>>> print(open('coords.cif').read())   # mmCIF, C-alpha atoms
data_target
loop_
_atom_site.label_atom_id
_atom_site.label_comp_id
_atom_site.auth_asym_id
_atom_site.auth_seq_id
_atom_site.Cartn_x
_atom_site.Cartn_y
_atom_site.Cartn_z
CA MET A 1 -125.63 28.72 106.86
CA ASN A 2 -125.82 31.57 104.40
CA SER A 3 -129.02 32.68 102.74
CA LYS A 4 -128.31 30.89 99.46
CA TRP A 5 -128.04 27.52 101.16
CA ARG A 6 -131.01 28.31 103.29
CA THR A 7 -133.10 28.92 100.18
CA ILE A 8 -131.92 25.66 98.61
CA VAL A 9 -132.79 23.70 101.74
CA PHE A 10 -136.16 25.42 101.82
CA PHE A 11 -136.99 24.38 98.28
CA ILE A 12 -136.01 20.76 98.98
CA ALA A 13 -138.27 20.78 102.02
CA ALA A 14 -141.04 22.53 100.10
CA ALA A 15 -140.88 19.90 97.36
CA GLY A 16 -141.22 17.16 99.96
CA PHE A 17 -144.07 18.95 101.67
CA SER A 18 -145.86 19.51 98.35
CA CYS A 19 -145.73 15.80 97.50
CA LEU A 20 -147.04 14.72 100.88
CA TYR A 21 -149.68 17.44 100.90
CA PHE A 22 -150.88 16.51 97.43
CA LEU A 23 -151.14 12.84 98.44
CA GLY A 24 -152.99 13.96 101.54
CA VAL A 25 -155.66 16.04 99.83
CA LYS A 26 -155.94 13.87 96.70
CA ASN A 27 -158.53 11.58 98.25
CA LEU A 28 -160.46 14.13 100.25
CA PRO A 29 -164.15 14.38 99.36
CA PRO A 30 -164.44 16.57 96.25
CA TRP A 31 -164.72 20.27 97.00
CA GLY A 32 -168.26 21.32 97.76
CA HIS A 33 -169.39 17.82 98.77
CA TYR A 34 -168.70 17.78 102.49
CA ARG A 35 -169.73 14.41 103.92
CA GLY A 36 -169.01 14.47 107.62
CA PRO A 37 -171.95 13.57 109.84
CA TYR A 38 -170.96 15.73 112.79
CA GLY A 39 -171.83 19.16 111.42
CA ASP A 40 -175.07 17.89 109.91
CA LEU A 41 -176.07 16.35 113.21
CA ILE A 42 -175.58 19.64 115.02
CA SER A 43 -177.45 21.48 112.28
CA ALA A 44 -180.33 19.08 112.73
CA VAL A 45 -180.59 18.94 116.52
CA GLY A 46 -178.89 22.16 117.68
CA VAL A 47 -181.92 24.38 117.53
CA TYR A 48 -184.08 21.88 119.44
CA GLU A 49 -181.50 20.96 122.04
CA ARG A 50 -180.03 24.38 122.78
CA HIS A 51 -182.56 26.90 121.44
CA ALA A 52 -179.70 28.65 119.63
CA THR A 53 -180.28 29.51 115.99
CA ASP A 54 -176.61 30.11 115.20
CA ALA A 55 -175.06 26.66 114.97
CA VAL A 56 -171.51 28.07 114.90
CA ASN A 57 -171.88 29.66 118.31
CA ALA A 58 -173.72 26.64 119.66
CA ILE A 59 -170.60 24.64 118.85
CA ASP A 60 -168.19 27.25 120.10
CA TYR A 61 -169.77 27.90 123.46
CA ASP A 62 -171.57 24.65 124.16
CA TYR A 63 -170.90 21.47 122.19
CA ARG A 64 -167.17 22.14 121.99
CA GLY A 65 -167.08 24.66 124.83
CA PHE A 66 -164.07 22.92 126.34
CA ASP A 67 -161.97 23.73 123.26
CA THR A 68 -163.05 27.35 123.31
CA LEU A 69 -162.03 27.50 126.96
CA GLY A 70 -158.53 26.51 125.85
CA GLU A 71 -158.58 29.09 123.06
CA GLU A 72 -159.64 31.76 125.48
CA PHE A 73 -156.76 30.99 127.76
CA ILE A 74 -154.34 31.19 124.83
CA LEU A 75 -155.68 34.71 124.35
CA PHE A 76 -155.40 35.45 128.06
CA THR A 77 -151.83 34.17 128.20
CA SER A 78 -150.79 36.08 125.09
CA VAL A 79 -152.05 39.36 126.52
CA LEU A 80 -150.29 38.53 129.77
CA GLY A 81 -147.09 37.81 127.85
CA VAL A 82 -147.20 41.11 125.96
CA MET A 83 -147.68 43.03 129.20
CA LEU A 84 -144.86 41.16 130.92
CA LEU A 85 -142.47 41.72 128.03
CA LEU A 86 -143.23 45.41 127.59
CA ARG A 87 -143.67 46.27 131.28
CA GLU A 88 -140.73 47.76 133.28
CA MET A 89 -138.78 50.47 131.39
CA LYS A 90 -138.98 53.23 133.95
CA ARG A 91 -139.58 56.07 131.60
CA PRO A 92 -139.02 59.71 132.36
CA PRO A 93 -142.34 61.56 132.60
CA LYS A 94 -143.37 63.31 129.46
CA THR A 95 -142.09 66.88 129.39
CA SER A 96 -143.63 67.95 126.13
CA PRO A 97 -146.54 70.41 126.41
CA PRO A 98 -149.90 68.68 126.81
CA ASP A 99 -151.45 67.74 123.55
CA LYS A 100 -154.78 69.44 123.03
CA GLY A 101 -156.12 66.83 120.62
CA LEU A 102 -157.70 67.55 117.30
CA SER A 103 -160.43 70.04 116.41
CA ASP A 104 -163.87 70.08 118.02
CA ALA A 105 -165.49 68.75 114.85
CA VAL A 106 -163.27 65.67 114.91
CA LYS A 107 -163.92 65.19 118.63
CA ALA A 108 -167.69 65.39 118.17
CA SER A 109 -167.82 62.91 115.31
CA ALA A 110 -165.39 60.59 117.09
CA GLY A 111 -167.66 60.70 120.14
CA ALA A 112 -170.65 59.71 118.05
CA GLY A 113 -168.64 56.95 116.39
CA PHE A 114 -167.43 55.75 119.78
CA ALA A 115 -170.98 55.38 121.10
CA ALA A 116 -172.13 53.64 117.92
CA LEU A 117 -169.20 51.20 117.98
CA VAL A 118 -169.64 50.31 121.66
CA ILE A 119 -173.37 49.72 121.21
CA PHE A 120 -172.77 47.68 118.07
CA GLY A 121 -170.13 45.61 119.86
CA ILE A 122 -172.47 44.91 122.77
CA TYR A 123 -175.23 44.03 120.30
CA MET A 124 -172.90 41.59 118.55
CA THR A 125 -171.90 40.01 121.84
CA THR A 126 -175.43 39.56 123.16
CA HIS A 127 -176.96 38.32 119.91
CA GLY A 128 -174.33 35.71 119.13
CA GLN A 129 -176.73 32.84 119.80
CA LEU A 130 -179.23 34.16 117.26
CA THR A 131 -177.27 35.50 114.31
CA PRO A 132 -173.60 35.51 113.32
CA GLY A 133 -171.62 37.28 116.00
CA GLY A 134 -170.71 36.41 119.55
CA GLY A 135 -168.18 37.28 122.18
CA PHE A 136 -165.03 37.17 120.08
CA GLN A 137 -166.27 39.51 117.38
CA GLY A 138 -168.19 41.83 119.70
CA GLY A 139 -165.24 42.15 122.06
CA VAL A 140 -162.92 43.23 119.28
CA ILE A 141 -165.44 45.83 118.09
CA VAL A 142 -165.78 47.31 121.59
CA ALA A 143 -162.01 47.45 122.01
CA SER A 144 -161.51 49.12 118.63
CA ALA A 145 -163.85 51.92 119.71
CA SER A 146 -161.17 53.06 122.15
CA MET A 147 -158.90 53.86 119.21
CA LEU A 148 -161.27 56.66 118.25
CA VAL A 149 -160.61 58.24 121.64
CA TYR A 150 -156.90 58.09 120.99
CA ILE A 151 -157.26 59.64 117.54
CA ALA A 152 -159.51 62.51 118.60
CA GLU A 153 -158.19 63.21 122.09
CA ASN A 154 -154.67 62.91 123.43
CA PHE A 155 -152.89 59.98 124.99
CA PRO A 156 -153.61 60.87 128.66
CA VAL A 157 -157.35 60.76 127.98
CA TYR A 158 -156.94 57.42 126.25
CA LYS A 159 -154.91 56.25 129.21
CA GLN A 160 -157.68 57.23 131.61
CA ILE A 161 -160.27 55.24 129.69
CA THR A 162 -158.11 52.16 129.43
CA SER A 163 -156.98 52.70 133.03
CA HIS A 164 -154.95 49.67 133.90
CA PRO A 165 -156.36 48.09 137.09
CA LEU A 166 -160.01 48.12 136.07
CA VAL A 167 -159.41 46.70 132.60
CA GLU A 168 -157.14 44.04 134.03
CA ILE A 169 -159.79 43.06 136.55
CA LEU A 170 -162.42 42.92 133.81
CA GLU A 171 -160.18 40.72 131.71
CA SER A 172 -159.65 38.29 134.57
CA LEU A 173 -163.37 38.32 135.34
CA GLY A 174 -164.15 37.47 131.72
CA ALA A 175 -161.85 34.47 131.83
CA GLY A 176 -163.05 33.51 135.32
CA PHE A 177 -166.78 33.62 134.54
CA TYR A 178 -166.29 31.12 131.74
CA VAL A 179 -164.72 28.63 134.15
CA ILE A 180 -167.29 29.34 136.86
CA ILE A 181 -170.20 28.84 134.44
CA GLY A 182 -168.56 25.59 133.46
CA LEU A 183 -167.95 24.46 137.06
CA ILE A 184 -171.48 25.06 138.40
CA PRO A 185 -172.89 21.89 136.75
CA LEU A 186 -170.38 19.85 138.76
CA VAL A 187 -172.28 20.85 141.89
CA LEU A 188 -175.45 19.58 140.22
CA ALA A 189 -173.71 16.26 139.44
CA GLU A 190 -173.56 17.02 135.71
CA PRO A 191 -170.48 17.05 133.45
CA PHE A 192 -168.27 20.14 133.11
CA LEU A 193 -169.79 22.89 130.90
CA THR A 194 -173.25 21.35 130.82
CA ASN A 195 -175.86 23.83 129.65
CA TRP A 196 -177.58 24.27 133.01
CA MET A 197 -179.30 27.62 132.57
CA PRO A 198 -182.94 27.90 131.44
CA LEU A 199 -183.00 27.66 127.66
CA GLY A 200 -185.69 30.26 127.09
CA LYS A 201 -187.67 30.75 123.92
CA THR A 202 -185.83 30.22 120.63
CA GLY A 203 -185.19 33.56 118.97
CA ASN A 204 -185.22 35.66 122.14
CA VAL A 205 -182.11 37.45 123.34
CA PHE A 206 -182.34 35.64 126.68
CA SER A 207 -182.34 32.16 125.23
CA SER A 208 -179.91 29.29 124.75
CA GLY A 209 -178.82 29.17 128.42
CA THR A 210 -175.09 29.11 128.97
CA ILE A 211 -174.31 29.90 125.33
CA ALA A 212 -175.40 33.51 125.80
CA ALA A 213 -173.72 33.74 129.21
CA ILE A 214 -170.40 32.33 127.99
CA SER A 215 -170.55 34.53 124.91
CA ALA A 216 -170.92 37.58 127.15
CA SER A 217 -167.99 36.55 129.36
CA VAL A 218 -165.82 35.90 126.29
CA GLY A 219 -166.82 39.33 124.98
CA LEU A 220 -165.69 40.90 128.24
CA GLU A 221 -162.40 39.03 128.13
CA VAL A 222 -161.66 39.85 124.48
CA ALA A 223 -162.61 43.52 124.80
CA ALA A 224 -160.46 44.00 127.91
CA GLY A 225 -157.61 41.99 126.43
CA PHE A 226 -157.47 44.08 123.27
CA LEU A 227 -157.75 47.30 125.29
CA LEU A 228 -154.70 46.19 127.26
CA LEU A 229 -152.82 45.31 124.09
CA GLY A 230 -153.57 48.69 122.54
CA TYR A 231 -152.63 50.53 125.69
CA THR A 232 -149.39 48.62 126.18
CA TYR A 233 -148.24 49.19 122.63
CA LEU A 234 -149.20 52.85 122.53
CA GLU A 235 -147.41 53.52 125.78
CA GLU A 236 -144.33 51.78 124.42
CA ILE A 237 -144.33 53.82 121.21
CA ILE A 238 -145.11 57.15 122.81
CA SER A 239 -142.57 57.02 125.60
CA ASP A 240 -139.87 55.69 123.29
CA THR A 241 -140.01 58.61 120.95
CA GLY A 242 -140.41 61.06 123.80
CA GLU A 243 -143.53 62.58 122.34
CA GLU A 244 -146.23 61.57 119.97
CA SER A 245 -145.82 62.24 116.33
CA ARG A 246 -149.36 62.90 115.28
CA GLU A 247 -149.00 64.78 112.06
CA MET B 1 -159.57 17.78 84.59
CA ASN B 2 -162.67 17.73 86.67
CA SER B 3 -160.92 15.85 89.42
CA PHE B 4 -158.17 18.46 89.47
CA LEU B 5 -160.69 21.23 90.02
CA GLU B 6 -162.20 19.23 92.86
CA ILE B 7 -159.00 19.42 94.88
CA TYR B 8 -157.85 22.81 93.56
CA PRO B 9 -159.12 24.79 96.61
CA TYR B 10 -157.15 22.51 98.93
CA LEU B 11 -154.03 23.09 96.87
CA ILE B 12 -154.47 26.85 97.28
CA ALA B 13 -154.30 26.37 101.03
CA GLY B 14 -151.03 24.47 100.64
CA TRP B 15 -149.69 27.18 98.35
CA ILE B 16 -150.45 29.94 100.89
CA PHE B 17 -148.75 27.84 103.56
CA LEU B 18 -145.61 27.49 101.41
CA CYS B 19 -145.60 31.22 100.61
CA GLY B 20 -145.55 32.02 104.31
CA LEU B 21 -142.90 29.38 104.99
CA TYR B 22 -140.71 30.77 102.22
CA GLY B 23 -141.02 34.20 103.78
CA ILE B 24 -139.95 32.87 107.18
CA ALA B 25 -137.03 30.89 105.76
CA THR B 26 -135.61 33.86 103.87
CA SER B 27 -136.66 36.61 106.29
CA LYS B 28 -134.31 39.50 106.95
CA HIS B 29 -136.46 41.26 109.50
CA LEU B 30 -138.30 39.94 112.56
CA VAL B 31 -141.50 41.92 111.90
CA HIS B 32 -141.53 40.42 108.41
CA THR B 33 -141.15 36.98 110.00
CA VAL B 34 -144.18 37.56 112.22
CA VAL B 35 -146.31 38.68 109.28
CA CYS B 36 -145.23 35.59 107.32
CA LEU B 37 -146.32 33.40 110.23
CA ALA B 38 -149.71 35.11 110.10
CA VAL B 39 -149.88 34.31 106.37
CA MET B 40 -149.12 30.66 107.15
CA GLN B 41 -151.91 30.61 109.68
CA THR B 42 -154.29 32.06 107.10
CA SER B 43 -153.80 28.92 105.02
CA THR B 44 -155.52 26.91 107.76
CA TYR B 45 -158.60 29.11 107.42
CA VAL B 46 -158.71 28.52 103.68
CA LEU B 47 -158.30 24.78 104.17
CA LEU B 48 -160.92 24.52 106.93
CA LEU B 49 -163.55 26.56 105.10
CA ASN B 50 -162.98 24.59 101.90
CA VAL B 51 -163.28 21.25 103.67
CA GLY B 52 -166.64 22.22 105.15
CA TYR B 53 -168.04 23.94 102.07
CA ARG B 54 -171.05 22.47 100.35
CA ILE B 55 -172.36 23.60 96.99
CA HIS B 56 -175.75 25.32 97.45
CA GLY B 57 -175.43 24.94 101.21
CA ALA B 58 -176.95 27.70 103.33
CA ALA B 59 -175.12 29.46 106.15
CA PRO B 60 -175.57 27.49 109.40
CA VAL B 61 -177.83 30.13 110.94
CA PHE B 62 -181.32 28.74 111.34
CA VAL B 63 -183.26 31.94 110.96
CA GLY B 64 -185.66 31.60 108.06
CA ILE B 65 -184.52 28.09 107.15
CA LYS B 66 -185.63 24.82 108.70
CA PRO B 67 -183.38 22.98 111.17
CA GLY B 68 -181.77 20.14 109.28
CA ALA B 69 -181.69 22.04 105.99
CA VAL B 70 -178.57 21.57 103.88
CA THR B 71 -175.92 23.91 105.27
CA VAL B 72 -172.17 24.24 105.09
CA ASP B 73 -170.36 22.59 108.00
CA PRO B 74 -170.65 24.71 111.16
CA VAL B 75 -167.88 22.80 112.98
CA VAL B 76 -165.01 24.06 110.87
CA GLN B 77 -166.45 27.56 110.96
CA ALA B 78 -166.47 27.42 114.76
CA LEU B 79 -162.84 26.30 114.73
CA MET B 80 -161.90 29.19 112.50
CA LEU B 81 -163.83 31.81 114.41
CA THR B 82 -161.90 31.42 117.65
CA ASP B 83 -158.66 31.14 115.74
CA VAL B 84 -158.91 34.58 114.14
CA VAL B 85 -158.97 36.45 117.44
CA VAL B 86 -156.36 34.23 119.03
CA GLU B 87 -154.08 34.76 116.03
CA ALA B 88 -154.28 38.51 116.52
CA THR B 89 -153.14 38.28 120.14
CA VAL B 90 -150.41 35.77 119.35
CA VAL B 91 -149.09 38.12 116.65
CA ALA B 92 -149.11 40.89 119.26
CA LEU B 93 -147.10 38.67 121.61
CA MET B 94 -144.51 37.93 118.95
CA LEU B 95 -144.21 41.59 118.00
CA ALA B 96 -143.56 42.34 121.68
CA MET B 97 -140.76 39.77 121.56
CA ALA B 98 -139.38 41.52 118.49
CA VAL B 99 -139.39 44.83 120.40
CA LYS B 100 -137.44 43.16 123.20
CA ALA B 101 -134.98 41.59 120.78
CA HIS B 102 -134.36 45.00 119.30
CA ASP B 103 -133.80 46.49 122.76
CA ARG B 104 -131.24 43.82 123.60
CA ALA B 105 -129.35 43.38 120.35
CA GLY B 106 -130.03 46.65 118.55
CA THR B 107 -131.04 44.84 115.40
CA LEU B 108 -134.07 43.07 113.98
CA SER B 109 -132.28 40.93 111.42
CA PRO B 110 -132.38 37.24 112.40
CA ASP B 111 -128.90 36.79 110.95
CA ASP B 112 -127.40 39.25 113.42
CA LEU B 113 -129.28 37.88 116.44
CA ARG B 114 -126.85 35.04 117.00
CA MET B 115 -125.48 35.81 120.41
CA MET B 116 -126.97 34.16 123.48
CA ARG B 117 -127.01 36.25 126.61
CA GLY B 118 -128.31 35.40 130.03
#
>>> encode(input="coords.cif", output="structure tokens")
Amino acid sequence: MNSKWRTIVFFIAAAGFSCLYFLGVKNLPPWGHYRGPYGDLISAVGVYERHATDAVNAIDYDYRGFDTLGEEFILFTSVLGVMLLLREMKRPPKTSPPDKGLSDAVKASAGAGFAALVIFGIYMTTHGQLTPGGGFQGGVIVASASMLVYIAENFPVYKQITSHPLVEILESLGAGFYVIIGLIPLVLAEPFLTNWMPLGKTGNVFSSGTIAAISASVGLEVAAGFLLLGYTYLEEIISDTGEESRE
Amino acid sequence: MNSFLEIYPYLIAGWIFLCGLYGIATSKHLVHTVVCLAVMQTSTYVLLLNVGYRIHGAAPVFVGIKPGAVTVDPVVQALMLTDVVVEATVVALMLAMAVKAHDRAGTLSPDDLRMMRG
């Protein structure tokens, strides 16, 4: 099928989709007048039941924690897939002279930025039950801090920080803790992922029981997963071209 | 006309979806295909957030507002939140596949990737 016919077939399909989609949304509640009882119910009882002031994270890590478990394993499997696909390729060791990195001024400011980003990421992860944030966002922030190391220093230093075995272990631990936290209630004859930890005082960092714990384990998993992704891709790029092009 | 404006945000989501689908159908480059898939996925965010939106609703964070106050729907926001990070890793996985396809076939154009090899 050449591209002209492909475009024609696309537009026929798009016309059909548009009709069905229009019929589908035509009778939705008007925009801005959400009716569903489920979200309102959680808004009303979430703070009392779970001592978590952020309803979004209460849903993510508690009420619908089982779904998030699935999401987390999609993430885990994707990272695994990237590493499997880009693994092998026995590359010749780099022969280019060692890269000294950028100037001291850049290194110093990158170091300060690195510390600030890591602390901010940890803050986001641990305060997810109180304000917008949580493990997914905090983990990404922590992982992005490592990019500053790569920019200011050279690749070997970056490689040391994202050293493979430890990050891989951390990633598996992050995924494992989630399941373990969920399995413990089974011993206590409660359903899977019951909030079994002490709920604490609403508004404290150590409140909301398993929500905070699961958020932390997700943060660990996401941070380690993104570190692995960054490392795998950078290694692929750098060894393919023989040396880094940093200009 | 009022009723049209009431479903207009939903139609935008459908439009973004079709834009991404058009890009995939006519793509000449695998990286372009992956980006178009990401655009398609973005349409689900627009749809979800619009479904749960409520005029004058507060954010569902009960700091400074009473529990049970009128808020936008937290359920769809929770769905979206996990999706954003997962999308990023799935895009990374597909880009890795594109790298492998390029290694094998020496091209990234879907039209030239016809051969099947064991």
>>> closest_atom_pairs(input="coords.cif", of="chain B", to="chain A", cutoff="6 Å", atoms="only C-alpha atoms", output="JSON lines")
{"residue": "B:Glu6", "atom": "CA", "partner": "A:Pro30", "partner_atom": "CA", "distance": 4.9}
{"residue": "B:Gly52", "atom": "CA", "partner": "A:Tyr34", "partner_atom": "CA", "distance": 5.6}
{"residue": "B:Tyr53", "atom": "CA", "partner": "A:Gly32", "partner_atom": "CA", "distance": 5.0}
{"residue": "B:Arg54", "atom": "CA", "partner": "A:Gly32", "partner_atom": "CA", "distance": 4.0}
{"residue": "B:Ile55", "atom": "CA", "partner": "A:Gly32", "partner_atom": "CA", "distance": 4.8}
{"residue": "B:Pro60", "atom": "CA", "partner": "A:Ala55", "partner_atom": "CA", "distance": 5.7}
{"residue": "B:Val61", "atom": "CA", "partner": "A:Asp54", "partner_atom": "CA", "distance": 4.4}
{"residue": "B:Phe62", "atom": "CA", "partner": "A:Thr53", "partner_atom": "CA", "distance": 4.8}
{"residue": "B:Pro67", "atom": "CA", "partner": "A:Ala44", "partner_atom": "CA", "distance": 5.2}
{"residue": "B:Gly68", "atom": "CA", "partner": "A:Ala44", "partner_atom": "CA", "distance": 3.9}
{"residue": "B:Asp73", "atom": "CA", "partner": "A:Gly39", "partner_atom": "CA", "distance": 5.1}
{"residue": "B:Pro74", "atom": "CA", "partner": "A:Val56", "partner_atom": "CA", "distance": 5.1}
{"residue": "B:Val75", "atom": "CA", "partner": "A:Gly39", "partner_atom": "CA", "distance": 5.6}
{"residue": "B:Ala78", "atom": "CA", "partner": "A:Val56", "partner_atom": "CA", "distance": 5.1}
{"residue": "B:Val86", "atom": "CA", "partner": "A:Leu75", "partner_atom": "CA", "distance": 5.4}
{"residue": "B:Thr89", "atom": "CA", "partner": "A:Ser78", "partner_atom": "CA", "distance": 5.9}
{"residue": "B:Val90", "atom": "CA", "partner": "A:Ser78", "partner_atom": "CA", "distance": 5.8}
{"residue": "B:Leu93", "atom": "CA", "partner": "A:Val82", "partner_atom": "CA", "distance": 5.0}
{"residue": "B:Ala96", "atom": "CA", "partner": "A:Val82", "partner_atom": "CA", "distance": 5.8}
>>> resolve_selection(input="coords.cif", expression="the PyMOL selection byres ((chain B and resi 36-46) around 9)", output="ChimeraX atom specification")
/B:9-10,12-24,27,31-35,47-51,76-77,79-80,83-84,87-88,91
>>> closest_residue(input="coords.cif", among="A:Ala212, A:Cys19, A:Ala108, A:Val218", to="A:Ser172", atoms="all atoms listed in the file")
A:Val218
>>> resolve_selection(input="coords.cif", expression="the PyMOL selection byres ((chain B and resi 103) around 12)", output="PyMOL selection string")
(chain A and resi 85-86+89+236+240) or (chain B and resi 96-102+104-108+113)
>>> atom_distance(input="coords.cif", atom1="atom CA of B:Ala25", atom2="atom CA of B:Leu95")
17.8 Å
>>> atom_distance(input="coords.cif", atom1="atom CA of B:Ala92", atom2="atom CA of A:Glu171")
16.7 Å
>>> closest_residue(input="coords.cif", among="A:Lys159, A:Lys201, A:Arg50, A:Lys107", to="A:Leu227", atoms="all atoms listed in the file")
A:Lys159
>>> atom_distance(input="coords.cif", atom1="atom CA of A:Leu170", atom2="atom CA of A:Gly219")
10.5 Å
>>> resolve_selection(input="coords.cif", expression="the PyMOL selection byres ((chain A and resi 118-124) around 7)", output="list in words")
Phe114, Ala115, Ala116, Leu117, Thr125, Thr126, His127, Gly128, Gly133, Gly134, Gly138, Gly139, Ile141, Val142 and Ala145 of chain A
>>> axis_aligned_box(input="coords.cif", around="stretch 64-81 of chain B", padding_each_side="3 Å", output="AutoDock Vina command-line options")
--center_x -173.8 --center_y 26.0 --center_z 109.3 --size_x 29.8 --size_y 17.7 --size_z 16.9
>>> closest_residue(input="coords.cif", among="A:Val187, A:Leu69, A:Leu20, A:Ala224", to="A:Ala143", atoms="all atoms listed in the file")
A:Ala224
>>> residues_near_point(input="coords.cif", point="(-157.5, 55.3, 128.8)", cutoff="10 Å", atoms="only C-alpha atoms", output="count of residues only")
20
>>> build_atoms(input="coords.cif", residues="stretch 29-36 of chain B", atoms="all heavy atoms", output="tab-separated table (two decimals), in the coordinates of the input")
chain	number	residue	atom	x	y	z
B	29	HIS	N	-135.95	40.31	108.53
B	29	HIS	CA	-136.46	41.26	109.50
B	29	HIS	C	-137.51	40.55	110.36
B	29	HIS	O	-138.35	39.82	109.83
B	29	HIS	CB	-137.11	42.45	108.77
B	29	HIS	CG	-137.31	43.65	109.63
B	29	HIS	ND1	-138.33	43.74	110.54
B	29	HIS	CD2	-136.61	44.80	109.74
B	29	HIS	CE1	-138.26	44.89	111.16
B	29	HIS	NE2	-137.21	45.56	110.70
B	30	LEU	N	-137.44	40.73	111.68
B	30	LEU	CA	-138.30	39.94	112.56
B	30	LEU	C	-139.78	40.29	112.38
B	30	LEU	O	-140.63	39.41	112.48
B	30	LEU	CB	-137.91	40.16	114.02
B	30	LEU	CG	-136.71	39.34	114.50
B	30	LEU	CD1	-136.49	39.58	115.98
B	30	LEU	CD2	-136.93	37.87	114.26
B	31	VAL	N	-140.09	41.56	112.10
B	31	VAL	CA	-141.50	41.92	111.90
B	31	VAL	C	-142.04	41.22	110.65
B	31	VAL	O	-143.16	40.71	110.63
B	31	VAL	CB	-141.64	43.45	111.79
B	31	VAL	CG1	-143.07	43.82	111.46
B	31	VAL	CG2	-141.22	44.10	113.08
B	32	HIS	N	-141.18	41.15	109.64
B	32	HIS	CA	-141.53	40.42	108.41
B	32	HIS	C	-141.78	38.95	108.73
B	32	HIS	O	-142.73	38.33	108.23
B	32	HIS	CB	-140.38	40.60	107.42
B	32	HIS	CG	-140.51	39.78	106.18
B	32	HIS	ND1	-139.81	38.61	106.01
B	32	HIS	CD2	-141.24	39.95	105.07
B	32	HIS	CE1	-140.12	38.10	104.84
B	32	HIS	NE2	-140.99	38.90	104.25
B	33	THR	N	-140.96	38.38	109.62
B	33	THR	CA	-141.15	36.98	110.00
B	33	THR	C	-142.52	36.76	110.64
B	33	THR	O	-143.22	35.79	110.33
B	33	THR	CB	-140.06	36.57	111.01
B	33	THR	OG1	-138.82	37.05	110.55
B	33	THR	CG2	-140.01	35.09	111.18
B	34	VAL	N	-142.90	37.70	111.52
B	34	VAL	CA	-144.18	37.56	112.22
B	34	VAL	C	-145.33	37.64	111.22
B	34	VAL	O	-146.28	36.85	111.28
B	34	VAL	CB	-144.30	38.66	113.29
B	34	VAL	CG1	-145.69	38.64	113.90
B	34	VAL	CG2	-143.26	38.47	114.36
B	35	VAL	N	-145.23	38.56	110.27
B	35	VAL	CA	-146.31	38.68	109.28
B	35	VAL	C	-146.38	37.41	108.44
B	35	VAL	O	-147.47	36.92	108.12
B	35	VAL	CB	-146.08	39.92	108.39
B	35	VAL	CG1	-147.09	39.97	107.28
B	35	VAL	CG2	-146.17	41.18	109.24
B	36	CYS	N	-145.23	36.83	108.10
B	36	CYS	CA	-145.23	35.59	107.32
B	36	CYS	C	-145.89	34.46	108.10
B	36	CYS	O	-146.59	33.62	107.53
B	36	CYS	CB	-143.81	35.20	106.95
B	36	CYS	SG	-143.12	36.24	105.69
